[in-house]
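S.K.: Pasting in a structure now, in structure tokens, and then I'll have a few things to ask.
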Amino acid sequence: VQLQASGGGLVQAGGSLRLSCTAAVSGRTFSAYSVGWFRQAPGKEREFVAAIKRAGGTTFYADSVKGRFTISRDNAKNTVYLQMNSLKFEDTAAYYCAADASLISSSMMNGDHYDYWGQGTQVTVSS
């Protein structure tokens, strides 16, 4: 599985961005993969942002983004989206998408359990 993240940029606080994670898959269909978004700011550890499970599409969010970010997927386009609204300065980071075909719900928020990662897309929020 190859993942391509895009959609980052510079935005003012309070603004919105939509990130996309598009997958090239072989063998299994894209719907068989759970997908997560993680972020890492300079000098900080990677942190979970949001995830969407394969099949039923159950979603998971970090407390810091609940009510502001929405994760969704379009399996026909092999793409997962992260709609980010009401952006804050502290949302500034490189955002990465990751995928895995065998995650259980309790593992969705742990990046160590994802097998496939895309390159990052930078989100910079100006205060």
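Following the order of the structure tokens, chains are lettered A, B, ..., residues in each are numbered from 1, and ligands are numbered from 1.
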Env of segment 50-63 of chain A: 6 Å cut, atoms = only C-alpha atoms, seq-sep filter 6 positions within chain, self excluded. Answer as a list in words.

M.R.: Ser31, Ala32, Tyr33, Ser34, Val35, Gly36 and Trp37 of chain A

S.K.: How about saving the chosen residues, C-alpha atoms kept, as a PDB file, in the first residue's frame?

M.R.:
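Written out: part-v7.pdb:
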ATOM      1  CA  SER A  31     -12.156  -0.606   2.139  1.00  0.00           C
ATOM      2  CA  ALA A  32     -10.240  -3.391   3.892  1.00  0.00           C
ATOM      3  CA  TYR A  33      -7.870  -0.865   5.476  1.00  0.00           C
ATOM      4  CA  SER A  34      -8.329   1.243   8.550  1.00  0.00           C
ATOM      5  CA  VAL A  35      -6.725   4.665   8.144  1.00  0.00           C
ATOM      6  CA  GLY A  36      -5.409   7.047  10.752  1.00  0.00           C
ATOM      7  CA  TRP A  37      -4.075  10.587  10.805  1.00  0.00           C
TER       8      TRP A  37
END

S.K.: Using only C-alpha atoms, determine which residues lie at most 6 Å from Gln40 of chain A, disregarding the query and same-chain residues fewer than 2 positions distant; provide the list as a PyMOL selection string.

M.R.: chain A and resi 46+93-94

S.K.: Identify all residues of chain A in strand (DSSP E or B) (DSSP on the backbone) and supply them as a PyMOL selection string.

M.R.: chain A and resi 2-6+9-12+17-24+34-40+47-52+59-61+69-74+79-84+93-100+116-117+121-126

S.K.: Write the residues you've just listed into a file as a short mmCIF file (atom, residue, chain, number, x, y, z; two decimals), in the first residue's frame, and include C-alpha atoms for each of them.

M.R.:
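Result file is part.cif:
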data_model
loop_
_atom_site.label_atom_id
_atom_site.label_comp_id
_atom_site.auth_asym_id
_atom_site.auth_seq_id
_atom_site.Cartn_x
_atom_site.Cartn_y
_atom_site.Cartn_z
CA GLN A 2 1.33 3.41 -0.94
CA LEU A 3 -0.19 6.47 0.71
CA GLN A 4 -0.07 10.04 -0.55
CA ALA A 5 -1.06 12.82 1.83
CA SER A 6 -1.92 16.26 0.50
CA GLY A 9 -0.81 24.74 3.81
CA LEU A 10 -0.73 28.02 5.69
CA VAL A 11 -3.98 29.20 7.24
CA GLN A 12 -4.99 31.78 9.81
CA LEU A 17 -8.20 22.97 5.63
CA ARG A 18 -9.05 19.58 4.18
CA LEU A 19 -6.33 16.97 4.05
CA SER A 20 -6.52 14.00 1.70
CA CYS A 21 -4.85 10.62 1.95
CA THR A 22 -5.01 8.67 -1.30
CA ALA A 23 -3.93 5.05 -1.44
CA ALA A 24 -2.55 2.84 -4.16
CA SER A 34 -8.33 1.24 8.55
CA VAL A 35 -6.72 4.66 8.14
CA GLY A 36 -5.41 7.05 10.75
CA TRP A 37 -4.08 10.59 10.81
CA PHE A 38 -1.20 11.48 13.08
CA ARG A 39 0.77 14.69 13.52
CA GLN A 40 4.15 15.72 14.75
CA GLU A 47 0.38 12.16 18.35
CA PHE A 48 -2.85 10.59 17.22
CA VAL A 49 -5.39 12.87 15.54
CA ALA A 50 -8.20 10.78 14.05
CA ALA A 51 -8.89 7.39 12.53
CA ILE A 52 -11.57 5.61 10.58
CA THR A 59 -14.39 6.96 13.74
CA PHE A 60 -12.01 7.87 16.53
CA TYR A 61 -10.73 11.31 17.56
CA PHE A 69 -12.00 17.81 12.85
CA THR A 70 -13.97 15.24 10.86
CA ILE A 71 -12.52 12.14 9.24
CA SER A 72 -14.32 10.46 6.37
CA ARG A 73 -13.57 8.07 3.55
CA ASP A 74 -14.54 7.57 -0.08
CA THR A 79 -9.19 8.34 -0.28
CA VAL A 80 -9.61 9.35 3.34
CA TYR A 81 -10.25 13.00 4.20
CA LEU A 82 -9.55 15.03 7.31
CA GLN A 83 -11.67 18.17 7.41
CA MET A 84 -10.11 20.56 9.88
CA ALA A 93 2.45 20.19 12.62
CA ALA A 94 3.35 17.77 9.89
CA TYR A 95 0.35 15.52 9.34
CA TYR A 96 0.80 11.89 8.31
CA CYS A 97 -1.71 9.28 7.24
CA ALA A 98 -1.26 5.61 7.96
CA ALA A 99 -3.12 2.43 7.06
CA ASP A 100 -3.45 -1.10 8.26
CA TYR A 116 1.86 1.65 6.05
CA TRP A 117 2.68 5.35 6.21
CA THR A 121 1.90 17.28 4.65
CA GLN A 122 2.65 20.47 6.58
CA VAL A 123 -0.12 22.42 8.27
CA THR A 124 0.85 25.83 9.61
CA VAL A 125 -1.67 27.91 11.52
CA SER A 126 -0.81 31.53 12.08
#

S.K.: Which value, in Å to one decimal, gives the distance between atom CA of Ser105 of chain A and atom CA of Ala76 of chain A?

M.R.: 23.3 Å

S.K.: Rounded to one decimal place, report the atom CA of Ser86 of chain A-atom CA of Gln119 of chain A distance in Å.

M.R.: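 Interatomic distance, atom CA of Ser86 of chain A to atom CA of Gln119 of chain A: 24.4 Å.
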
S.K.: Counting only C-alpha atoms, what is within 7 Å of segment 28-30 of chain A, bar same-chain residues fewer than 3 positions away, as a PyMOL selection string?

M.R.: chain A and resi 25+33+75+78

S.K.: State, in Å with one decimal place, the distance from atom CA of Leu103 of chain A to atom CA of Ser64 of chain A.

M.R.: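 Atom-to-atom, atom CA of Leu103 of chain A to atom CA of Ser64 of chain A, that is 22.6 Å.
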
S.K.: Where in chain A does DSSP assign helix (DSSP H, G or I), given as a PyMOL selection string?

M.R.: chain A and resi 30-32+75-77+89-91+105-107+111-113

S.K.: Tell me which of A:Asn85, A:Ser16, A:Glu90, A:Val1 sits closest to Lys44 of chain A, counting only C-alpha atoms.

M.R.: A:Glu90
